[in-house]
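*Asks:* Starting off with a structure, shown below.
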Amino acid sequence: MDTEFFELADYKKTGEISLSDEEKLIRAAVFLREGGLVAFPTETVYGLGGNALLPEASKHIYAAKGRPSDNPLIVHVADMESLRPLVKEIPAMAKILAAKFWPGPLTMIMEKSPKVPYETTGGLETVAIRMPSDKAAMELIKLSGVPVAAPSANTSGRPSPTTALHVKEDLDGKIDAIVDGGPTGIGVESTIVDVSGEEPVLLRPGAITLEMLENCLKEAVDIDPALEKPMDSGLHPKAPGMKYKHYAPKAPMVIVQGDFYEGCDGIEDGMKIYEELMKIVNAVKALVNENSAPGKRVGVICSDETWEYYFEEGATIPKEKIYKTESIDLRSIGSRKDEKSIAHNLYAVLRDFDDENIDYIIAEGVDPRKLGYAIMNRMQKAAAQHIIRV
Ligand code: AMP
Ligand code: MG
């Protein structure tokens, strides 16, 4: 199948949808309405959309991604009126969270209505719903006039796509169209919270943090126990997708994690932070040596704060935060003081390492609180829970 490309040139430049962008979105929306598949940007990652009410469309989504069909899809809506017919009832908690965080990177699990086919929910009685804030996503959903089932637009098992080019790499020729709205802002998938029971349960961490959910609901939010455990622990995650090898680069990966989190946002004790960061850097360097061999390349993910320590004293330190030789590919993923920058870059770096045929990846861990919780969750999956603590 020929995949059509709709580049939202003005939206990419200005963040506003021009008339010519709108025309492209209209053409993309026609594909959706008629049962076709369209990849589009959201504020988290690119989604692969299909009409959520058509069993055939959902089946095609699974086929295009190579995704197991027991892994349910998130249904995207553009307004509260479109949510109503999809669920048995809108729980009180959902109303409170929606008022605060929708449109935005929060997915809520509710009991489904008979209107939503089991093909879309992976056979479950519940359905995952999100209202994205990206303007292009919103406009596309509105124009299609249907709820849009959209998992991440990657081949199952690869890191989620954060650019239209990533989508093209995975799905060109397999879907009807790709809408290019530029790189996504957040870079990790939405937070998923189950509001179908008595207590709210966090199933997947994301940019809407546990603290934000708890502050808004004024009650404790449980964490799905499977979230904190390795995939082979025998615990079944409540979000079926979390059990699959996800977000994985081709090369084996290890994380070097420190325990300096307390200090990092207040630089009160600069010396302590320096010491903790050096522990990480030294452990990473030792791993680089251990895993170096002729013809092999090691990929290293560091941070702006540690970048200079990877160079010999007196060496010129490259400003562009990417340094490649025959044996190493070293990059800073962003600043520890701006975790948004790290979330934003994570999947692109993992995909770059795939393209570069890196043989082994060593990544510095980050503060595992707030947005860092989501980042560490994705990194740990990419590393198959392989963590070294220093
Ligand atoms: P993706 O859209 O690729 O980010 O994946 C969707 C995620 O939402 C997967 O981890 C699914 O398992 C999860 N999900 C979707 N629907 C449900 C549901 N009804 N109950 C629990 N988790 C769900
Ligand atoms: Mg996904």
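Ordered as shown in the structure tokens, chains take letters A, B, and onward, while each chain numbers its residues from 1 and ligands are numbered from 1 in the order shown.
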Can you list, as a PDB file with N, CA and C atoms, in the first residue's frame, every protein, DNA or RNA residue that comes within 9 Å of segment 26-35 of chain A when you count only C-alpha atoms, leaving out same-chain residues fewer than 4 positions away?
*Replies:*
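Output (part.pdb):
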```pdb
ATOM      1  N   GLU A   4       0.493   7.846   2.253  1.00  0.00           N
ATOM      2  CA  GLU A   4       0.529   9.289   1.937  1.00  0.00           C
ATOM      3  C   GLU A   4       1.151  10.078   3.081  1.00  0.00           C
ATOM      4  N   PHE A   6       1.441  13.698   4.926  1.00  0.00           N
ATOM      5  CA  PHE A   6       0.857  15.031   5.071  1.00  0.00           C
ATOM      6  C   PHE A   6       1.748  15.828   6.005  1.00  0.00           C
ATOM      7  N   ASP A  21      -2.527  23.463   6.143  1.00  0.00           N
ATOM      8  CA  ASP A  21      -2.430  22.324   7.077  1.00  0.00           C
ATOM      9  C   ASP A  21      -3.807  21.685   7.254  1.00  0.00           C
ATOM     10  N   GLU A  22      -4.794  22.543   7.401  1.00  0.00           N
ATOM     11  CA  GLU A  22      -6.167  22.074   7.638  1.00  0.00           C
ATOM     12  C   GLU A  22      -6.631  21.171   6.481  1.00  0.00           C
ATOM     13  N   GLY A  49      -3.564   5.791  14.396  1.00  0.00           N
ATOM     14  CA  GLY A  49      -4.999   5.899  14.617  1.00  0.00           C
ATOM     15  C   GLY A  49      -5.851   5.096  13.655  1.00  0.00           C
ATOM     16  N   GLY A  50      -6.976   4.616  14.181  1.00  0.00           N
ATOM     17  CA  GLY A  50      -8.019   3.982  13.376  1.00  0.00           C
ATOM     18  C   GLY A  50      -9.345   4.222  14.075  1.00  0.00           C
ATOM     19  N   ASN A  51     -10.451   4.069  13.356  1.00  0.00           N
ATOM     20  CA  ASN A  51     -11.777   4.250  13.947  1.00  0.00           C
ATOM     21  C   ASN A  51     -12.007   3.208  15.046  1.00  0.00           C
ATOM     22  N   LEU A  54     -14.799   0.484  14.804  1.00  0.00           N
ATOM     23  CA  LEU A  54     -14.787  -0.529  13.739  1.00  0.00           C
ATOM     24  C   LEU A  54     -13.808  -1.651  14.093  1.00  0.00           C
ATOM     25  N   GLU A  56     -12.689  -3.989  12.398  1.00  0.00           N
ATOM     26  CA  GLU A  56     -11.701  -4.215  11.329  1.00  0.00           C
ATOM     27  C   GLU A  56     -10.536  -3.234  11.428  1.00  0.00           C
ATOM     28  N   ALA A  57     -10.856  -1.983  11.784  1.00  0.00           N
ATOM     29  CA  ALA A  57      -9.794  -0.970  11.884  1.00  0.00           C
ATOM     30  C   ALA A  57      -8.826  -1.355  13.000  1.00  0.00           C
ATOM     31  N   GLU A 139      -7.527  18.388  16.179  1.00  0.00           N
ATOM     32  CA  GLU A 139      -8.215  18.772  14.945  1.00  0.00           C
ATOM     33  C   GLU A 139      -8.523  17.524  14.111  1.00  0.00           C
ATOM     34  N   LEU A 140      -7.542  16.618  14.028  1.00  0.00           N
ATOM     35  CA  LEU A 140      -7.739  15.392  13.244  1.00  0.00           C
ATOM     36  C   LEU A 140      -8.894  14.558  13.811  1.00  0.00           C
ATOM     37  N   ILE A 141      -8.926  14.426  15.134  1.00  0.00           N
ATOM     38  CA  ILE A 141      -9.985  13.618  15.760  1.00  0.00           C
ATOM     39  C   ILE A 141     -11.347  14.278  15.518  1.00  0.00           C
ATOM     40  N   LYS A 142     -11.401  15.600  15.713  1.00  0.00           N
ATOM     41  CA  LYS A 142     -12.665  16.324  15.478  1.00  0.00           C
ATOM     42  C   LYS A 142     -13.135  16.132  14.044  1.00  0.00           C
ATOM     43  N   LEU A 143     -12.200  16.321  13.096  1.00  0.00           N
ATOM     44  CA  LEU A 143     -12.567  16.224  11.677  1.00  0.00           C
ATOM     45  C   LEU A 143     -13.025  14.822  11.312  1.00  0.00           C
ATOM     46  N   SER A 144     -12.434  13.805  11.960  1.00  0.00           N
ATOM     47  CA  SER A 144     -12.805  12.423  11.611  1.00  0.00           C
ATOM     48  C   SER A 144     -14.222  12.128  12.093  1.00  0.00           C
ATOM     49  N   GLY A 145     -14.642  12.803  13.167  1.00  0.00           N
ATOM     50  CA  GLY A 145     -15.996  12.594  13.680  1.00  0.00           C
ATOM     51  C   GLY A 145     -16.176  11.271  14.399  1.00  0.00           C
ATOM     52  N   VAL A 146     -15.078  10.561  14.671  1.00  0.00           N
ATOM     53  CA  VAL A 146     -15.172   9.261  15.368  1.00  0.00           C
ATOM     54  C   VAL A 146     -14.130   9.221  16.490  1.00  0.00           C
ATOM     55  N   VAL A 148     -10.930   7.778  18.126  1.00  0.00           N
ATOM     56  CA  VAL A 148      -9.779   7.239  17.388  1.00  0.00           C
ATOM     57  C   VAL A 148      -8.913   6.351  18.294  1.00  0.00           C
ATOM     58  N   ASP A 176      -2.269   3.953   5.745  1.00  0.00           N
ATOM     59  CA  ASP A 176      -2.735   4.858   4.693  1.00  0.00           C
ATOM     60  C   ASP A 176      -1.985   6.185   4.674  1.00  0.00           C
ATOM     61  N   ALA A 177      -1.714   6.724   5.864  1.00  0.00           N
ATOM     62  CA  ALA A 177      -1.113   8.064   5.868  1.00  0.00           C
ATOM     63  C   ALA A 177      -0.331   8.336   7.135  1.00  0.00           C
ATOM     64  N   ILE A 178       0.628   9.255   7.006  1.00  0.00           N
ATOM     65  CA  ILE A 178       1.381   9.748   8.159  1.00  0.00           C
ATOM     66  C   ILE A 178       1.257  11.273   8.170  1.00  0.00           C
ATOM     67  N   VAL A 179       0.782  11.817   9.291  1.00  0.00           N
ATOM     68  CA  VAL A 179       0.722  13.266   9.453  1.00  0.00           C
ATOM     69  C   VAL A 179       1.993  13.693  10.185  1.00  0.00           C
TER      70      VAL A 179
END
```
*Asks:* Can I get the residues close to ligand 1 as a ChimeraX atom specification, where close means within 9 Å and we count only C-alpha atoms and all ligand atoms?
*Replies:* /A:45,47-48,70-75,107-112,120-129,149-154,156,160,188-190,192-194,203-204,237-244
*Asks:* Any idea what's packed within 9 Å of Ile328 of chain A, counting only C-alpha atoms, ignoring anything in its chain fewer than 4 positions away? Could you give it as a tab-separated table (two decimals) with N, CA, C and O atoms, in the first residue's frame?
*Replies:*
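The file below, around-v2.tsv, is the result:
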```tsv
chain	number	residue	atom	x	y	z
A	288	VAL	N	32.53	0.60	30.11
A	288	VAL	CA	32.95	0.82	28.72
A	288	VAL	C	34.20	-0.02	28.44
A	288	VAL	O	34.27	-0.75	27.45
A	292	SER	N	34.49	-3.18	25.73
A	292	SER	CA	35.12	-2.77	24.48
A	292	SER	C	35.86	-3.96	23.87
A	292	SER	O	36.47	-4.75	24.57
A	296	LYS	N	33.74	-3.58	17.89
A	296	LYS	CA	32.49	-3.35	18.65
A	296	LYS	C	32.38	-1.88	19.03
A	296	LYS	O	33.39	-1.22	19.26
A	297	ARG	N	31.13	-1.41	19.10
A	297	ARG	CA	30.93	-0.02	19.56
A	297	ARG	C	29.98	0.01	20.74
A	297	ARG	O	28.94	-0.62	20.74
A	298	VAL	N	30.40	0.78	21.74
A	298	VAL	CA	29.58	0.93	22.94
A	298	VAL	C	28.88	2.29	22.87
A	298	VAL	O	29.51	3.30	22.57
A	299	GLY	N	27.58	2.29	23.14
A	299	GLY	CA	26.83	3.55	23.20
A	299	GLY	C	26.70	3.97	24.66
A	299	GLY	O	26.37	3.15	25.51
A	300	VAL	N	26.98	5.25	24.94
A	300	VAL	CA	26.86	5.74	26.32
A	300	VAL	C	25.89	6.90	26.37
A	300	VAL	O	26.00	7.86	25.60
A	323	TYR	N	29.58	12.58	20.65
A	323	TYR	CA	30.99	12.32	20.38
A	323	TYR	C	31.12	10.86	19.91
A	323	TYR	O	30.72	9.93	20.63
A	324	LYS	N	31.65	10.70	18.69
A	324	LYS	CA	31.70	9.34	18.15
A	324	LYS	C	33.11	8.96	17.73
A	324	LYS	O	33.79	9.76	17.08
A	358	ILE	N	24.92	-0.12	17.35
A	358	ILE	CA	25.68	-0.16	18.60
A	358	ILE	C	25.54	-1.56	19.21
A	358	ILE	O	24.48	-2.18	19.15
```
*Asks:* Name all residues at most 7 Å from segment 197-201 of chain A (count only C-alpha atoms; drop same-chain ones fewer than 4 positions away) and give them as a list in words.
*Replies:*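 Returned residues: Val193, Val221, Asp222, Ile223 and Asp224 of chain A.
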*Asks:* Please save all heavy atoms of the selected residues as a short mmCIF file (atom, residue, chain, number, x, y, z; two decimals), in the first residue's frame.
*Replies:*
```
data_model
loop_
_atom_site.label_atom_id
_atom_site.label_comp_id
_atom_site.auth_asym_id
_atom_site.auth_seq_id
_atom_site.Cartn_x
_atom_site.Cartn_y
_atom_site.Cartn_z
N VAL A 193 -4.06 5.70 34.40
CA VAL A 193 -4.62 5.47 35.73
C VAL A 193 -5.97 4.76 35.58
O VAL A 193 -6.78 5.12 34.73
CB VAL A 193 -4.73 6.80 36.54
CG1 VAL A 193 -5.63 7.80 35.86
CG2 VAL A 193 -5.17 6.55 37.96
N VAL A 221 -2.93 7.36 45.55
CA VAL A 221 -3.14 6.56 44.34
C VAL A 221 -2.26 5.32 44.47
O VAL A 221 -1.06 5.42 44.73
CB VAL A 221 -2.74 7.37 43.09
CG1 VAL A 221 -2.76 6.50 41.84
CG2 VAL A 221 -3.66 8.58 42.92
N ASP A 222 -2.89 4.13 44.33
CA ASP A 222 -2.10 2.88 44.42
C ASP A 222 -1.25 2.74 43.17
O ASP A 222 -1.56 3.30 42.12
CB ASP A 222 -3.04 1.67 44.52
CG ASP A 222 -3.78 1.66 45.84
OD1 ASP A 222 -3.29 2.31 46.80
OD2 ASP A 222 -4.85 1.03 45.91
N ILE A 223 -0.19 1.95 43.31
CA ILE A 223 0.65 1.66 42.15
C ILE A 223 0.49 0.18 41.82
O ILE A 223 0.58 -0.66 42.71
CB ILE A 223 2.13 1.97 42.47
CG1 ILE A 223 2.29 3.47 42.76
CG2 ILE A 223 3.04 1.54 41.33
CD1 ILE A 223 3.70 3.89 43.12
N ASP A 224 0.20 -0.13 40.57
CA ASP A 224 0.08 -1.53 40.16
C ASP A 224 1.39 -2.24 40.54
O ASP A 224 2.46 -1.86 40.08
CB ASP A 224 -0.14 -1.59 38.64
CG ASP A 224 -0.34 -3.02 38.15
OD1 ASP A 224 -0.44 -3.94 39.00
OD2 ASP A 224 -0.38 -3.23 36.92
#
```
*Asks:* Determine the nearest neighbour of Ala136 of chain A from the options A:Ser196, A:Ser327, A:Ser113, A:Thr184, counting only C-alpha atoms.
*Replies:*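 Of A:Ser196, A:Ser327, A:Ser113, A:Thr184, the one nearest Ala136 of chain A, counting only C-alpha atoms, is A:Thr184.
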*Asks:* Give the answer as one residue: which of A:Ile375, A:Ala137, A:Leu350, A:Ala383 has the shortest atom-to-atom distance to Arg158 of chain A, using only C-alpha atoms?
*Replies:* A:Leu350
*Asks:* Pick the closest to ligand 2 from A:Gln380, A:Ser341, A:Thr162, A:Thr306: which is it, counting only C-alpha atoms and all ligand atoms?
*Replies:* A:Thr162
*Asks:* Can you pull out the residues contacting segment 335-340 of chain A? Cut-off 12 Å, using only C-alpha atoms, and skip same-chain residues under 5 positions away; I want them as number ranges by chain.
*Replies:* A: 44, 184-188, 206-208, 260-261, 263-267, 273, 277, 301-307, 321, 345-346, 364-376
*Asks:* Once you have the residues from the selection above, write them out as a compact mmCIF listing (two decimals), in the first residue's frame, restricted to N, CA and C atoms.
*Replies:*
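Result file result.txt:
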```txt
# COMPACT_ATOMS: atom_id res chain seq x y z
N THR A 44 2.61 13.37 23.43
CA THR A 44 3.47 12.35 24.06
C THR A 44 4.38 11.70 23.02
N THR A 184 7.56 15.33 18.83
CA THR A 184 6.58 15.46 19.91
C THR A 184 7.26 16.11 21.12
N GLY A 185 6.46 16.77 21.96
CA GLY A 185 7.03 17.52 23.07
C GLY A 185 7.51 16.66 24.23
N ILE A 186 6.63 15.83 24.76
CA ILE A 186 6.94 15.13 26.01
C ILE A 186 7.88 13.94 25.76
N GLY A 187 7.57 13.12 24.78
CA GLY A 187 8.51 12.06 24.41
C GLY A 187 8.33 10.72 25.09
N VAL A 188 7.58 10.65 26.19
CA VAL A 188 7.21 9.34 26.74
C VAL A 188 5.68 9.24 26.76
N GLY A 206 3.83 8.57 33.72
CA GLY A 206 4.05 9.45 32.57
C GLY A 206 4.21 10.89 33.06
N ALA A 207 3.96 11.83 32.17
CA ALA A 207 4.21 13.23 32.49
C ALA A 207 3.25 13.78 33.55
N ILE A 208 2.06 13.19 33.66
CA ILE A 208 1.19 13.52 34.80
C ILE A 208 1.65 12.59 35.92
N PHE A 260 21.83 9.95 44.55
CA PHE A 260 22.10 11.33 44.95
C PHE A 260 20.86 12.21 44.81
N TYR A 261 19.70 11.58 44.57
CA TYR A 261 18.51 12.35 44.13
C TYR A 261 18.18 13.50 45.03
N GLY A 263 19.80 15.74 46.46
CA GLY A 263 20.48 17.01 46.27
C GLY A 263 20.22 17.70 44.95
N CYS A 264 19.75 16.94 43.96
CA CYS A 264 19.94 17.45 42.62
C CYS A 264 19.20 18.74 42.25
N ASP A 265 18.02 18.98 42.81
CA ASP A 265 17.38 20.23 42.38
C ASP A 265 17.83 21.42 43.23
N GLY A 266 18.16 21.18 44.47
CA GLY A 266 18.78 22.27 45.23
C GLY A 266 20.27 21.98 45.26
N ILE A 267 21.09 22.84 44.67
CA ILE A 267 22.52 22.55 44.60
C ILE A 267 23.18 23.02 45.89
N ILE A 273 27.15 16.40 45.40
CA ILE A 273 26.61 16.05 44.10
C ILE A 273 27.73 15.64 43.15
N LEU A 277 27.98 12.09 41.30
CA LEU A 277 28.02 11.99 39.83
C LEU A 277 29.30 11.28 39.38
N ILE A 301 24.91 6.78 27.26
CA ILE A 301 23.95 7.87 27.48
C ILE A 301 24.31 8.57 28.78
N CYS A 302 24.82 9.81 28.66
CA CYS A 302 25.15 10.55 29.88
C CYS A 302 24.27 11.78 29.98
N SER A 303 24.63 12.73 30.82
CA SER A 303 23.80 13.92 31.03
C SER A 303 24.66 15.16 30.89
N ASP A 304 24.03 16.31 30.70
CA ASP A 304 24.79 17.56 30.56
C ASP A 304 25.74 17.75 31.74
N GLU A 305 25.29 17.33 32.93
CA GLU A 305 26.08 17.54 34.14
C GLU A 305 27.35 16.69 34.17
N THR A 306 27.33 15.53 33.50
CA THR A 306 28.50 14.64 33.56
C THR A 306 29.34 14.67 32.29
N TRP A 307 28.83 15.32 31.25
CA TRP A 307 29.44 15.29 29.92
C TRP A 307 30.96 15.48 29.96
N LYS A 321 27.52 17.87 22.44
CA LYS A 321 27.04 16.78 23.31
C LYS A 321 26.82 15.48 22.57
N ASN A 345 14.18 13.33 24.68
CA ASN A 345 15.24 12.75 23.82
C ASN A 345 15.38 11.24 23.91
N LEU A 346 14.82 10.63 24.95
CA LEU A 346 15.15 9.22 25.25
C LEU A 346 14.96 8.27 24.06
N GLU A 364 23.38 6.35 32.12
CA GLU A 364 23.26 6.89 33.47
C GLU A 364 21.79 6.91 33.85
N GLY A 365 21.48 6.50 35.08
CA GLY A 365 20.11 6.63 35.56
C GLY A 365 19.82 8.06 35.97
N VAL A 366 18.53 8.38 36.16
CA VAL A 366 18.16 9.73 36.62
C VAL A 366 17.37 9.63 37.92
N ASP A 367 17.13 10.77 38.55
CA ASP A 367 16.30 10.86 39.74
C ASP A 367 14.96 10.15 39.48
N PRO A 368 14.65 9.08 40.23
CA PRO A 368 13.45 8.30 39.89
C PRO A 368 12.16 8.82 40.48
N ARG A 369 12.10 10.12 40.74
CA ARG A 369 10.85 10.68 41.26
C ARG A 369 10.22 11.56 40.19
N LYS A 370 8.96 11.94 40.42
CA LYS A 370 8.24 12.81 39.49
C LYS A 370 8.35 12.31 38.05
N LEU A 371 8.71 13.20 37.11
CA LEU A 371 8.82 12.75 35.71
C LEU A 371 9.91 11.68 35.58
N GLY A 372 10.91 11.74 36.47
CA GLY A 372 11.98 10.74 36.46
C GLY A 372 11.46 9.32 36.66
N TYR A 373 10.33 9.19 37.34
CA TYR A 373 9.73 7.87 37.54
C TYR A 373 9.34 7.26 36.19
N ALA A 374 8.75 8.10 35.33
CA ALA A 374 8.37 7.63 33.99
C ALA A 374 9.62 7.34 33.16
N ILE A 375 10.62 8.20 33.27
CA ILE A 375 11.85 7.99 32.48
C ILE A 375 12.53 6.68 32.90
N MET A 376 12.66 6.48 34.23
CA MET A 376 13.32 5.27 34.71
C MET A 376 12.51 4.02 34.35
```
